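Peer 1: Input query-v5.pdb, format and content: PDB, C-alpha atoms and all ligand atoms.
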```
ATOM      1  CA  MET A 387       0.000   0.000   0.000
ATOM      2  CA  LYS A 388       2.766   2.349   1.028
ATOM      3  CA  LEU A 389       4.762   1.506  -2.054
ATOM      4  CA  ARG A 390       1.800   2.279  -4.261
ATOM      5  CA  LYS A 391       1.372   5.716  -2.748
ATOM      6  CA  VAL A 392       4.999   6.531  -3.337
ATOM      7  CA  SER A 393       4.871   5.534  -6.956
ATOM      8  CA  ALA A 394       1.669   7.481  -7.524
ATOM      9  CA  ALA A 395       3.354  10.544  -6.061
ATOM     10  CA  ALA A 396       6.437   9.945  -8.194
ATOM     11  CA  ALA A 397       4.259   9.628 -11.265
ATOM     12  CA  ALA A 398       2.571  12.895 -10.375
ATOM     13  CA  VAL A 399       5.938  14.612 -10.136
ATOM     14  CA  VAL A 400       6.923  13.323 -13.548
ATOM     15  CA  VAL A 401       3.664  14.520 -15.080
ATOM     16  CA  LEU A 402       4.027  17.934 -13.468
ATOM     17  CA  SER A 403       7.553  18.456 -14.702
ATOM     18  CA  ILE A 404       6.587  17.439 -18.223
ATOM     19  CA  THR A 405       3.718  19.906 -18.168
ATOM     20  CA  ALA A 406       5.937  22.676 -16.831
ATOM     21  CA  THR A 407       8.488  22.086 -19.592
ATOM     22  CA  ALA A 408       5.802  21.993 -22.263
ATOM     23  CA  CYS A 409       4.488  25.355 -21.045
ATOM     24  CA  GLY A 410       7.836  26.957 -21.628
ATOM     25  CA  GLY A 411       8.623  27.550 -17.988
ATOM     26  CA  ASP A 412       6.582  30.599 -17.071
ATOM     27  CA  GLY A 413       3.122  29.099 -16.762
ATOM     28  CA  ASP A 414       3.890  27.159 -13.594
ATOM     29  CA  LYS A 415       4.463  30.354 -11.624
ATOM     30  CA  ASP A 416       0.868  31.496 -12.128
ATOM     31  CA  ASN A 417      -0.547  30.886  -8.745
ATOM     32  CA  ALA A 418       2.636  31.070  -6.737
ATOM     33  CA  GLY A 419       3.140  34.231  -4.718
ATOM     34  CA  SER A 420       1.943  34.957  -1.238
ATOM     35  CA  GLY A 421      -1.446  35.870   0.191
ATOM     36  CA  GLY A 422      -4.488  34.922  -1.858
ATOM     37  CA  GLY A 423      -2.195  33.954  -4.688
ATOM     38  CA  LYS A 424      -4.826  34.654  -7.329
ATOM     39  CA  THR A 425      -3.772  36.268 -10.565
ATOM     40  CA  ILE A 426      -5.592  37.704 -13.538
ATOM     41  CA  LYS A 427      -4.464  37.367 -17.143
ATOM     42  CA  ILE A 428      -5.062  40.406 -19.305
ATOM     43  CA  GLY A 429      -4.417  40.697 -23.026
ATOM     44  CA  ILE A 430      -2.592  43.784 -24.271
ATOM     45  CA  LYS A 431      -0.367  44.786 -27.179
ATOM     46  CA  TYR A 432       3.387  44.597 -26.599
ATOM     47  CA  ASP A 433       4.611  46.810 -29.429
ATOM     48  CA  GLN A 434       2.488  49.969 -29.421
ATOM     49  CA  PRO A 435       4.198  52.865 -27.590
ATOM     50  CA  GLY A 436       1.751  55.012 -25.591
ATOM     51  CA  LEU A 437      -0.936  52.277 -25.660
ATOM     52  CA  GLY A 438       0.453  48.860 -24.885
ATOM     53  CA  LEU A 439       4.190  48.395 -24.706
ATOM     54  CA  LYS A 440       6.507  45.860 -23.137
ATOM     55  CA  GLU A 441       9.588  47.940 -22.466
ATOM     56  CA  PRO A 442      13.080  46.474 -22.843
ATOM     57  CA  GLY A 443      13.383  46.112 -19.033
ATOM     58  CA  GLY A 444      10.127  44.120 -18.955
ATOM     59  CA  LYS A 445       7.918  46.942 -17.607
ATOM     60  CA  PHE A 446       4.521  47.496 -19.224
ATOM     61  CA  SER A 447       3.326  50.974 -20.182
ATOM     62  CA  GLY A 448       0.605  52.761 -22.123
ATOM     63  CA  PHE A 449      -2.977  53.943 -21.936
ATOM     64  CA  ASP A 450      -4.395  50.430 -22.375
ATOM     65  CA  VAL A 451      -2.088  49.172 -19.629
ATOM     66  CA  ASP A 452      -3.299  51.922 -17.272
ATOM     67  CA  VAL A 453      -6.959  51.231 -18.116
ATOM     68  CA  ALA A 454      -6.415  47.488 -17.660
ATOM     69  CA  THR A 455      -4.655  48.022 -14.327
ATOM     70  CA  TYR A 456      -7.487  50.256 -13.075
ATOM     71  CA  VAL A 457     -10.138  47.762 -14.168
ATOM     72  CA  ALA A 458      -8.218  44.889 -12.555
ATOM     73  CA  LYS A 459      -8.076  46.845  -9.297
ATOM     74  CA  GLU A 460     -11.868  47.221  -9.385
ATOM     75  CA  LEU A 461     -12.166  43.471  -9.976
ATOM     76  CA  GLY A 462     -10.039  42.858  -6.876
ATOM     77  CA  TYR A 463      -6.514  42.427  -8.264
ATOM     78  CA  LYS A 464      -3.453  44.419  -7.265
ATOM     79  CA  PRO A 465      -0.880  45.321  -9.924
ATOM     80  CA  ASP A 466       1.411  42.468  -8.843
ATOM     81  CA  GLN A 467      -1.461  40.015  -9.387
ATOM     82  CA  ILE A 468      -1.750  40.942 -13.063
ATOM     83  CA  GLU A 469      -0.153  38.817 -15.729
ATOM     84  CA  PHE A 470      -0.077  40.624 -19.063
ATOM     85  CA  VAL A 471      -0.277  38.435 -22.139
ATOM     86  CA  GLU A 472       0.416  39.594 -25.680
ATOM     87  CA  THR A 473      -2.716  39.507 -27.835
ATOM     88  CA  LYS A 474      -1.950  40.513 -31.415
ATOM     89  CA  SER A 475      -4.746  41.938 -33.566
ATOM     90  CA  ALA A 476      -5.564  38.667 -35.322
ATOM     91  CA  ASP A 477      -5.469  36.585 -32.131
ATOM     92  CA  ARG A 478      -7.886  38.511 -29.915
ATOM     93  CA  GLU A 479     -11.167  36.703 -30.548
ATOM     94  CA  ASN A 480      -9.505  33.288 -30.241
ATOM     95  CA  ALA A 481      -7.621  34.237 -27.055
ATOM     96  CA  LEU A 482     -10.954  35.139 -25.425
ATOM     97  CA  ALA A 483     -12.783  32.089 -26.746
ATOM     98  CA  ARG A 484     -10.024  29.798 -25.445
ATOM     99  CA  GLY A 485     -10.021  31.546 -22.073
ATOM    100  CA  ASP A 486      -6.307  32.484 -22.344
ATOM    101  CA  VAL A 487      -7.131  35.860 -20.771
ATOM    102  CA  LYS A 488      -9.957  37.268 -18.647
ATOM    103  CA  PHE A 489     -10.198  40.422 -20.735
ATOM    104  CA  ILE A 490      -8.408  42.287 -23.508
ATOM    105  CA  ALA A 491      -7.484  45.981 -23.553
ATOM    106  CA  ALA A 492      -5.540  46.247 -26.796
ATOM    107  CA  THR A 493      -6.735  49.066 -29.100
ATOM    108  CA  TYR A 494      -9.649  46.698 -29.724
ATOM    109  CA  SER A 495     -12.391  48.380 -31.738
ATOM    110  CA  ILE A 496     -15.968  47.365 -31.069
ATOM    111  CA  THR A 497     -17.477  46.099 -34.341
ATOM    112  CA  ASP A 498     -20.633  44.170 -35.211
ATOM    113  CA  GLU A 499     -18.526  41.424 -36.765
ATOM    114  CA  ARG A 500     -16.448  40.952 -33.613
ATOM    115  CA  LYS A 501     -19.561  41.086 -31.452
ATOM    116  CA  GLN A 502     -20.611  37.764 -33.024
ATOM    117  CA  LYS A 503     -17.630  36.164 -31.276
ATOM    118  CA  VAL A 504     -16.873  38.233 -28.161
ATOM    119  CA  ASP A 505     -18.580  40.687 -25.831
ATOM    120  CA  PHE A 506     -17.342  44.210 -25.200
ATOM    121  CA  ALA A 507     -17.359  46.575 -22.254
ATOM    122  CA  GLY A 508     -16.875  50.281 -22.963
ATOM    123  CA  PRO A 509     -16.112  52.097 -25.140
ATOM    124  CA  TYR A 510     -13.284  53.820 -23.277
ATOM    125  CA  LEU A 511     -11.588  55.719 -26.126
ATOM    126  CA  LEU A 512     -12.531  57.015 -29.562
ATOM    127  CA  ALA A 513      -9.714  56.992 -32.124
ATOM    128  CA  HIS A 514      -9.699  57.402 -35.907
ATOM    129  CA  GLN A 515      -7.927  55.595 -38.699
ATOM    130  CA  ASP A 516      -5.129  57.633 -40.251
ATOM    131  CA  LEU A 517      -1.973  57.320 -42.356
ATOM    132  CA  LEU A 518       1.645  57.615 -41.323
ATOM    133  CA  VAL A 519       4.071  58.552 -44.084
ATOM    134  CA  LYS A 520       7.654  59.809 -44.399
ATOM    135  CA  ALA A 521       8.013  63.504 -43.543
ATOM    136  CA  ASP A 522       8.637  64.403 -47.222
ATOM    137  CA  SER A 523       5.896  62.138 -48.660
ATOM    138  CA  LYS A 524       3.365  63.444 -51.183
ATOM    139  CA  ILE A 525       0.666  61.057 -49.929
ATOM    140  CA  SER A 526      -1.967  63.194 -48.243
ATOM    141  CA  LYS A 527      -5.290  61.405 -48.796
ATOM    142  CA  ALA A 528      -6.558  57.850 -48.919
ATOM    143  CA  THR A 529      -6.921  57.704 -52.707
ATOM    144  CA  ASP A 530      -3.213  58.595 -53.059
ATOM    145  CA  LEU A 531      -2.569  55.097 -51.742
ATOM    146  CA  ASN A 532      -3.872  53.304 -54.821
ATOM    147  CA  GLY A 533      -0.867  51.723 -56.537
ATOM    148  CA  GLU A 534       1.377  52.417 -53.531
ATOM    149  CA  ASP A 535       2.845  49.967 -51.024
ATOM    150  CA  LEU A 536       0.912  50.157 -47.792
ATOM    151  CA  CYS A 537       1.435  48.309 -44.530
ATOM    152  CA  SER A 538      -1.149  47.314 -41.954
ATOM    153  CA  VAL A 539      -1.883  44.444 -39.607
ATOM    154  CA  THR A 540      -3.758  41.191 -40.192
ATOM    155  CA  GLY A 541      -7.053  41.027 -38.314
ATOM    156  CA  SER A 542      -7.310  44.800 -37.848
ATOM    157  CA  THR A 543     -10.169  47.041 -38.903
ATOM    158  CA  SER A 544      -7.482  49.218 -40.525
ATOM    159  CA  ALA A 545      -6.526  46.546 -43.067
ATOM    160  CA  GLN A 546     -10.163  45.669 -43.677
ATOM    161  CA  ASN A 547     -11.175  49.299 -44.300
ATOM    162  CA  VAL A 548      -8.384  49.767 -46.838
ATOM    163  CA  LYS A 549      -9.431  46.695 -48.806
ATOM    164  CA  LYS A 550     -13.150  47.451 -48.679
ATOM    165  CA  ASP A 551     -13.278  51.229 -48.882
ATOM    166  CA  PHE A 552     -10.352  53.616 -48.835
ATOM    167  CA  ALA A 553      -7.843  52.231 -51.290
ATOM    168  CA  PRO A 554      -8.750  48.834 -52.730
ATOM    169  CA  LYS A 555      -6.004  49.212 -55.350
ATOM    170  CA  ALA A 556      -3.212  49.801 -52.861
ATOM    171  CA  ASN A 557      -0.617  47.069 -52.576
ATOM    172  CA  LEU A 558      -1.465  46.123 -49.017
ATOM    173  CA  GLN A 559       1.152  44.216 -47.065
ATOM    174  CA  GLU A 560      -0.195  42.719 -43.870
ATOM    175  CA  ARG A 561       2.082  42.071 -40.915
ATOM    176  CA  SER A 562       1.323  40.637 -37.479
ATOM    177  CA  GLY A 563       2.128  43.828 -35.570
ATOM    178  CA  TYR A 564       2.495  47.562 -36.225
ATOM    179  CA  SER A 565       6.141  47.589 -35.094
ATOM    180  CA  GLU A 566       6.913  45.497 -38.183
ATOM    181  CA  CYS A 567       5.135  48.063 -40.366
ATOM    182  CA  ILE A 568       7.103  50.950 -38.886
ATOM    183  CA  SER A 569      10.397  49.235 -39.765
ATOM    184  CA  SER A 570       9.154  48.759 -43.325
ATOM    185  CA  LEU A 571       8.164  52.416 -43.537
ATOM    186  CA  GLN A 572      11.543  53.543 -42.261
ATOM    187  CA  SER A 573      13.449  51.351 -44.696
ATOM    188  CA  GLY A 574      11.294  52.487 -47.616
ATOM    189  CA  ALA A 575       9.865  49.002 -48.223
ATOM    190  CA  VAL A 576       6.393  50.582 -47.957
ATOM    191  CA  ASP A 577       5.123  54.102 -48.669
ATOM    192  CA  ALA A 578       2.618  54.355 -45.824
ATOM    193  CA  LEU A 579       1.357  52.688 -42.683
ATOM    194  CA  THR A 580      -2.302  52.802 -41.783
ATOM    195  CA  THR A 581      -4.041  52.261 -38.470
ATOM    196  CA  ASP A 582      -5.530  54.330 -35.626
ATOM    197  CA  ASP A 583      -4.133  57.855 -35.136
ATOM    198  CA  SER A 584      -3.546  57.046 -31.445
ATOM    199  CA  ILE A 585      -1.124  54.269 -32.397
ATOM    200  CA  LEU A 586       0.574  56.212 -35.201
ATOM    201  CA  ALA A 587       1.171  59.249 -32.953
ATOM    202  CA  GLY A 588       2.885  56.992 -30.416
ATOM    203  CA  PHE A 589       5.282  55.615 -33.007
ATOM    204  CA  ALA A 590       6.012  58.997 -34.599
ATOM    205  CA  ALA A 591       7.007  60.423 -31.199
ATOM    206  CA  GLN A 592       9.586  57.711 -30.473
ATOM    207  CA  GLU A 593      13.084  59.111 -30.027
ATOM    208  CA  GLN A 594      14.523  57.023 -32.860
ATOM    209  CA  TYR A 595      11.852  58.226 -35.333
ATOM    210  CA  LYS A 596      11.592  61.901 -34.351
ATOM    211  CA  GLY A 597      11.155  64.148 -37.409
ATOM    212  CA  GLN A 598      11.073  61.218 -39.838
ATOM    213  CA  PHE A 599       7.326  60.681 -40.183
ATOM    214  CA  LYS A 600       4.079  62.640 -40.298
ATOM    215  CA  LEU A 601       0.422  61.781 -39.755
ATOM    216  CA  ALA A 602      -1.950  62.722 -42.577
ATOM    217  CA  GLY A 603      -4.667  63.751 -40.076
ATOM    218  CA  LEU A 604      -7.528  62.210 -42.054
ATOM    219  CA  LYS A 605      -9.938  60.723 -39.469
ATOM    220  CA  LEU A 606     -10.867  57.968 -41.922
ATOM    221  CA  SER A 607     -13.016  56.028 -39.443
ATOM    222  CA  ASN A 608     -14.330  55.929 -35.906
ATOM    223  CA  GLU A 609     -12.587  53.333 -33.781
ATOM    224  CA  ASN A 610     -14.456  52.810 -30.512
ATOM    225  CA  TYR A 611     -12.065  50.979 -28.202
ATOM    226  CA  GLY A 612     -13.768  48.381 -26.055
ATOM    227  CA  ILE A 613     -12.591  45.842 -23.528
ATOM    228  CA  GLY A 614     -13.131  42.394 -24.949
ATOM    229  CA  VAL A 615     -14.413  39.562 -22.764
ATOM    230  CA  LYS A 616     -15.503  36.006 -23.485
ATOM    231  CA  LYS A 617     -18.866  35.789 -25.238
ATOM    232  CA  GLY A 618     -21.642  35.449 -22.663
ATOM    233  CA  ASP A 619     -19.626  36.723 -19.679
ATOM    234  CA  THR A 620     -22.131  39.474 -18.908
ATOM    235  CA  GLU A 621     -21.082  39.637 -15.278
ATOM    236  CA  THR A 622     -17.545  40.689 -16.209
ATOM    237  CA  VAL A 623     -18.846  43.153 -18.822
ATOM    238  CA  ASN A 624     -21.017  44.830 -16.183
ATOM    239  CA  LYS A 625     -18.185  45.004 -13.656
ATOM    240  CA  ILE A 626     -15.796  46.455 -16.241
ATOM    241  CA  ASN A 627     -18.350  49.053 -17.332
ATOM    242  CA  ALA A 628     -18.746  50.155 -13.718
ATOM    243  CA  ALA A 629     -14.944  50.362 -13.384
ATOM    244  CA  LEU A 630     -14.626  52.436 -16.561
ATOM    245  CA  GLU A 631     -17.335  54.837 -15.417
ATOM    246  CA  LYS A 632     -15.543  55.246 -12.098
ATOM    247  CA  MET A 633     -12.209  55.791 -13.854
ATOM    248  CA  VAL A 634     -13.640  58.705 -15.810
ATOM    249  CA  LYS A 635     -15.410  60.178 -12.769
ATOM    250  CA  ASP A 636     -12.443  60.109 -10.395
ATOM    251  CA  GLY A 637     -10.011  61.667 -12.885
ATOM    252  CA  ALA A 638      -7.857  58.577 -13.415
ATOM    253  CA  TRP A 639      -8.921  58.385 -17.073
ATOM    254  CA  GLU A 640      -7.818  61.972 -17.720
ATOM    255  CA  LYS A 641      -4.524  61.335 -15.918
ATOM    256  CA  ALA A 642      -3.876  58.211 -18.010
ATOM    257  CA  VAL A 643      -4.594  60.253 -21.157
ATOM    258  CA  LYS A 644      -2.123  62.981 -20.125
ATOM    259  CA  ASP A 645       0.588  60.535 -19.046
ATOM    260  CA  ASN A 646       0.424  58.419 -22.170
ATOM    261  CA  PHE A 647      -0.741  60.678 -24.995
ATOM    262  CA  GLY A 648       0.911  63.882 -23.752
ATOM    263  CA  PRO A 649       4.437  62.873 -24.842
ATOM    264  CA  ALA A 650       3.145  61.984 -28.340
ATOM    265  CA  ASN A 651       1.141  65.213 -28.534
ATOM    266  CA  TYR A 652      -1.910  63.102 -29.463
ATOM    267  CA  LYS A 653      -5.110  65.105 -29.252
ATOM    268  CA  ASN A 654      -7.593  62.522 -28.054
ATOM    269  CA  GLU A 655     -11.374  62.770 -28.118
ATOM    270  CA  PRO A 656     -13.209  63.290 -24.807
ATOM    271  CA  ALA A 657     -14.106  60.216 -22.735
ATOM    272  CA  PRO A 658     -16.880  58.256 -24.472
ATOM    273  CA  LYS A 659     -20.134  57.352 -22.739
ATOM    274  CA  ILE A 660     -20.394  53.696 -21.782
ATOM    275  CA  GLY A 661     -22.550  51.842 -24.289
ATOM    276  CA  VAL A 662     -22.540  54.655 -26.865
ATOM    277  CA  ILE A 663     -20.783  53.737 -30.113
ATOM    278  CA  VAL A 664     -19.870  56.527 -32.514
ATOM    279  CA  LYS A 665     -20.549  55.130 -35.979
TER     280      LYS A 665
HETATM  281  N1  LIG A 701      -8.465  49.532 -33.528
HETATM  282  C1  LIG A 701      -8.240  48.747 -34.705
HETATM  283  C2  LIG A 701      -8.669  47.315 -34.506
HETATM  284  O1  LIG A 701      -9.170  46.952 -33.484
HETATM  285  C3  LIG A 701      -6.795  48.825 -35.182
HETATM  286  C4  LIG A 701      -5.756  48.633 -34.116
HETATM  287  C5  LIG A 701      -5.428  47.192 -33.834
HETATM  288  O2  LIG A 701      -5.170  46.430 -34.776
HETATM  289  O3  LIG A 701      -5.377  46.846 -32.653
HETATM  290  O4  LIG A 701      -8.564  46.515 -35.387
END
```
Would you mind writing the file's structure down as structure tokens?
Ligand code: GLU
Peer 2:
Amino acid sequence: MKLRKVSAAAAAVVVLSITATACGGDGDKDNAGSGGGKTIKIGIKYDQPGLGLKEPGGKFSGFDVDVATYVAKELGYKPDQIEFVETKSADRENALARGDVKFIAATYSITDERKQKVDFAGPYLLAHQDLLVKADSKISKATDLNGEDLCSVTGSTSAQNVKKDFAPKANLQERSGYSECISSLQSGAVDALTTDDSILAGFAAQEQYKGQFKLAGLKLSNENYGIGVKKGDTETVNKINAALEKMVKDGAWEKAVKDNFGPANYKNEPAPKIGVIVK
């Protein structure tokens, strides 16, 4: 009997270590830590300065990070109980459906198409699609893009709008993240980068790009940023909406705007009303 117990325990150890290895090492730390030990996984972008950025030292910064941290606090999680997970534009719906993250704050526009697959709290920011071009570029309107090389991101509304409306004859190159597009723009591999003005302003203000690029200032669309949650999780949607309302009321929203958009000189729209989508 005793022997059996020992071997069962040994087998359990083997299984655990295999699982830990398969996870790549980090996953097994999830519920370590002291106290309650609970953590929350939140999806953000890792490569969008001013919105969602994983800095070289491992620190996370940006407006979405501040909103996510505030919301997590209202849900009962301290900053050290948050585990940020990268959710690229094309992965967001699947990450929520799989339950990889509790919610996503990642420049995630609320659209009817996405609402078939996920639920949204918010909106918490209104941005607009725009173009980023080299400082000496002649491209100044969407139709100038036809025949030009344009970069955007797979799974984004930006790429979809270009194909459907703004410049169907542009040579659209889709990447997995906007940081890849900015490298292509700098090297001259593409003539323009298109996505939300909030994101483009953050890139343009980076030290290494200062003076090299300009935004066209076109307001090509309304991008109502929502917080994505798993389809059917109405309880979390309601809690997040209450948190967002509180964030605006107590001034934390305005502070997050100043801290994160101030350096990029991005002129954001006023705080949206919860549940009101600007079409
Ligand atoms: N807000 C747009 C979207 O949700 C573009 C930015 C992004 O790709 O995250 O698709």
Peer 1: Find, counting all atoms listed in the file, the residue in A:Cys567, A:Ile426, A:Ala642, A:Ala513 that gets nearest to ligand LIG 701 (chain A).
Peer 2: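 Checking each candidate against ligand LIG 701 (chain A), we get A:Ala513 as the closest.
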Peer 1: Could you state the separation of atom CA of Pro509 of chain A and atom CA of Ala454 of chain A in Å, given to one decimal place?
Peer 2: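 Pair atom CA of Pro509 of chain A / atom CA of Ala454 of chain A returns 13.1 Å.
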Peer 1: Given the choices A:Trp639, A:Phe506, A:Tyr494, A:Tyr456, which gets closest to ligand LIG 701 (chain A) if the distance is worked out from all atoms listed in the file?
Peer 2: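 Smallest distance to ligand LIG 701 (chain A) is found for A:Tyr494.
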Peer 1: Considering all atoms listed in the file, return as an MDAnalysis selection string whatever protein or nucleic-acid residues lie within 12 Å of segment 439-451 of chain A, sequence-local ones (same chain, fewer than 2 positions apart) excluded.
Peer 2: chainID A and resid 428:437 453:458 465:466 468:473 489:494 510:511 563:565 584:585 588:589 611:613 630 638:650 652 654
Peer 1: For the PyMOL selection byres (((not hetatm)) within 6 of (chain A and resi 701)), applied here, can you spell out every residue it catches as a list in words?
Peer 2: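 Output of the PyMOL selection byres (((not hetatm)) within 6 of (chain A and resi 701)): Ser475, Ala492, Thr493, Tyr494, Ser495, Ser542, Thr543, Ser544, Thr581, Asp582 and Glu609 of chain A.
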Peer 1: Would you work out the distance separating atom CA of Ser607 of chain A from atom CA of Lys659 of chain A, expressed in Å to one decimal?
Peer 2: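 Separation of atom CA of Ser607 of chain A and atom CA of Lys659 of chain A: 18.2 Å.
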Peer 1: If you take every atom of segment 566-584 of chain A that the file lists and fit an axis-aligned box around them with 4 Å extra on each side, what centre and edge lengths come out in Å to one decimal, as JSON?
Peer 2:
```
{"center_x": 4.0, "center_y": 51.7, "center_z": -40.1, "size_x": 27.0, "size_y": 20.4, "size_z": 25.2}
```
Peer 1: Just say which residues the PyMOL selection byres (((chain A and resi 534) around 6) and not hetatm) picks in this file, as a list in words.
Peer 2: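 In the shown coordinates, the PyMOL selection byres (((chain A and resi 534) around 6) and not hetatm) covers Leu531, Asn532, Gly533, Asp535, Ala556 and Asn557 of chain A.
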Peer 1: Would you mind completing segment 511-519 of chain A so that it carries all heavy atoms, and writing it out as a PDB file, in the coordinates of the input?
Peer 2:
```pdb
ATOM      1  N   LEU A 511     -12.353  54.728 -25.343  1.00  0.00           N
ATOM      2  CA  LEU A 511     -11.588  55.719 -26.126  1.00  0.00           C
ATOM      3  C   LEU A 511     -12.124  55.721 -27.549  1.00  0.00           C
ATOM      4  O   LEU A 511     -12.504  54.670 -28.063  1.00  0.00           O
ATOM      5  CB  LEU A 511     -10.086  55.377 -26.155  1.00  0.00           C
ATOM      6  CG  LEU A 511      -9.188  56.479 -26.760  1.00  0.00           C
ATOM      7  CD1 LEU A 511      -9.010  57.636 -25.782  1.00  0.00           C
ATOM      8  CD2 LEU A 511      -7.809  55.949 -27.167  1.00  0.00           C
ATOM      9  N   LEU A 512     -12.160  56.907 -28.144  1.00  0.00           N
ATOM     10  CA  LEU A 512     -12.531  57.015 -29.562  1.00  0.00           C
ATOM     11  C   LEU A 512     -11.303  57.479 -30.343  1.00  0.00           C
ATOM     12  O   LEU A 512     -10.772  58.559 -30.082  1.00  0.00           O
ATOM     13  CB  LEU A 512     -13.687  58.020 -29.738  1.00  0.00           C
ATOM     14  CG  LEU A 512     -14.100  58.312 -31.174  1.00  0.00           C
ATOM     15  CD1 LEU A 512     -14.623  57.063 -31.889  1.00  0.00           C
ATOM     16  CD2 LEU A 512     -15.159  59.422 -31.220  1.00  0.00           C
ATOM     17  N   ALA A 513     -10.848  56.634 -31.256  1.00  0.00           N
ATOM     18  CA  ALA A 513      -9.714  56.992 -32.124  1.00  0.00           C
ATOM     19  C   ALA A 513     -10.200  56.985 -33.573  1.00  0.00           C
ATOM     20  O   ALA A 513     -11.378  56.685 -33.832  1.00  0.00           O
ATOM     21  CB  ALA A 513      -8.579  55.998 -31.930  1.00  0.00           C
ATOM     22  N   HIS A 514      -9.324  57.339 -34.486  1.00  0.00           N
ATOM     23  CA  HIS A 514      -9.699  57.402 -35.907  1.00  0.00           C
ATOM     24  C   HIS A 514      -8.579  56.831 -36.762  1.00  0.00           C
ATOM     25  O   HIS A 514      -7.402  57.094 -36.489  1.00  0.00           O
ATOM     26  CB  HIS A 514      -9.941  58.852 -36.330  1.00  0.00           C
ATOM     27  CG  HIS A 514     -10.914  59.579 -35.460  1.00  0.00           C
ATOM     28  ND1 HIS A 514     -12.272  59.424 -35.582  1.00  0.00           N
ATOM     29  CD2 HIS A 514     -10.713  60.426 -34.424  1.00  0.00           C
ATOM     30  CE1 HIS A 514     -12.872  60.176 -34.662  1.00  0.00           C
ATOM     31  NE2 HIS A 514     -11.950  60.789 -33.943  1.00  0.00           N
ATOM     32  N   GLN A 515      -8.959  56.130 -37.813  1.00  0.00           N
ATOM     33  CA  GLN A 515      -7.927  55.595 -38.699  1.00  0.00           C
ATOM     34  C   GLN A 515      -7.228  56.733 -39.433  1.00  0.00           C
ATOM     35  O   GLN A 515      -7.846  57.708 -39.851  1.00  0.00           O
ATOM     36  CB  GLN A 515      -8.539  54.610 -39.715  1.00  0.00           C
ATOM     37  CG  GLN A 515      -7.460  53.907 -40.543  1.00  0.00           C
ATOM     38  CD  GLN A 515      -7.996  52.738 -41.331  1.00  0.00           C
ATOM     39  OE1 GLN A 515      -9.151  52.324 -41.166  1.00  0.00           O
ATOM     40  NE2 GLN A 515      -7.160  52.175 -42.197  1.00  0.00           N
ATOM     41  N   ASP A 516      -5.923  56.591 -39.599  1.00  0.00           N
ATOM     42  CA  ASP A 516      -5.129  57.633 -40.251  1.00  0.00           C
ATOM     43  C   ASP A 516      -3.965  56.978 -40.997  1.00  0.00           C
ATOM     44  O   ASP A 516      -3.837  55.741 -40.978  1.00  0.00           O
ATOM     45  CB  ASP A 516      -4.625  58.621 -39.182  1.00  0.00           C
ATOM     46  CG  ASP A 516      -4.234  59.977 -39.773  1.00  0.00           C
ATOM     47  OD1 ASP A 516      -4.278  60.129 -41.008  1.00  0.00           O
ATOM     48  OD2 ASP A 516      -3.864  60.868 -38.995  1.00  0.00           O
ATOM     49  N   LEU A 517      -3.150  57.808 -41.641  1.00  0.00           N
ATOM     50  CA  LEU A 517      -1.973  57.320 -42.356  1.00  0.00           C
ATOM     51  C   LEU A 517      -0.726  57.907 -41.745  1.00  0.00           C
ATOM     52  O   LEU A 517      -0.718  59.081 -41.344  1.00  0.00           O
ATOM     53  CB  LEU A 517      -2.012  57.775 -43.826  1.00  0.00           C
ATOM     54  CG  LEU A 517      -3.262  57.508 -44.655  1.00  0.00           C
ATOM     55  CD1 LEU A 517      -3.086  58.115 -46.044  1.00  0.00           C
ATOM     56  CD2 LEU A 517      -3.499  56.010 -44.737  1.00  0.00           C
ATOM     57  N   LEU A 518       0.329  57.120 -41.714  1.00  0.00           N
ATOM     58  CA  LEU A 518       1.645  57.615 -41.323  1.00  0.00           C
ATOM     59  C   LEU A 518       2.546  57.462 -42.545  1.00  0.00           C
ATOM     60  O   LEU A 518       2.613  56.388 -43.148  1.00  0.00           O
ATOM     61  CB  LEU A 518       2.212  56.816 -40.150  1.00  0.00           C
ATOM     62  CG  LEU A 518       3.469  57.402 -39.519  1.00  0.00           C
ATOM     63  CD1 LEU A 518       3.142  58.671 -38.735  1.00  0.00           C
ATOM     64  CD2 LEU A 518       4.152  56.393 -38.590  1.00  0.00           C
ATOM     65  N   VAL A 519       3.193  58.565 -42.910  1.00  0.00           N
ATOM     66  CA  VAL A 519       4.071  58.552 -44.084  1.00  0.00           C
ATOM     67  C   VAL A 519       5.392  59.231 -43.730  1.00  0.00           C
ATOM     68  O   VAL A 519       5.500  59.886 -42.691  1.00  0.00           O
ATOM     69  CB  VAL A 519       3.405  59.282 -45.289  1.00  0.00           C
ATOM     70  CG1 VAL A 519       2.194  58.503 -45.777  1.00  0.00           C
ATOM     71  CG2 VAL A 519       3.023  60.715 -44.925  1.00  0.00           C
TER      72      VAL A 519
END
```
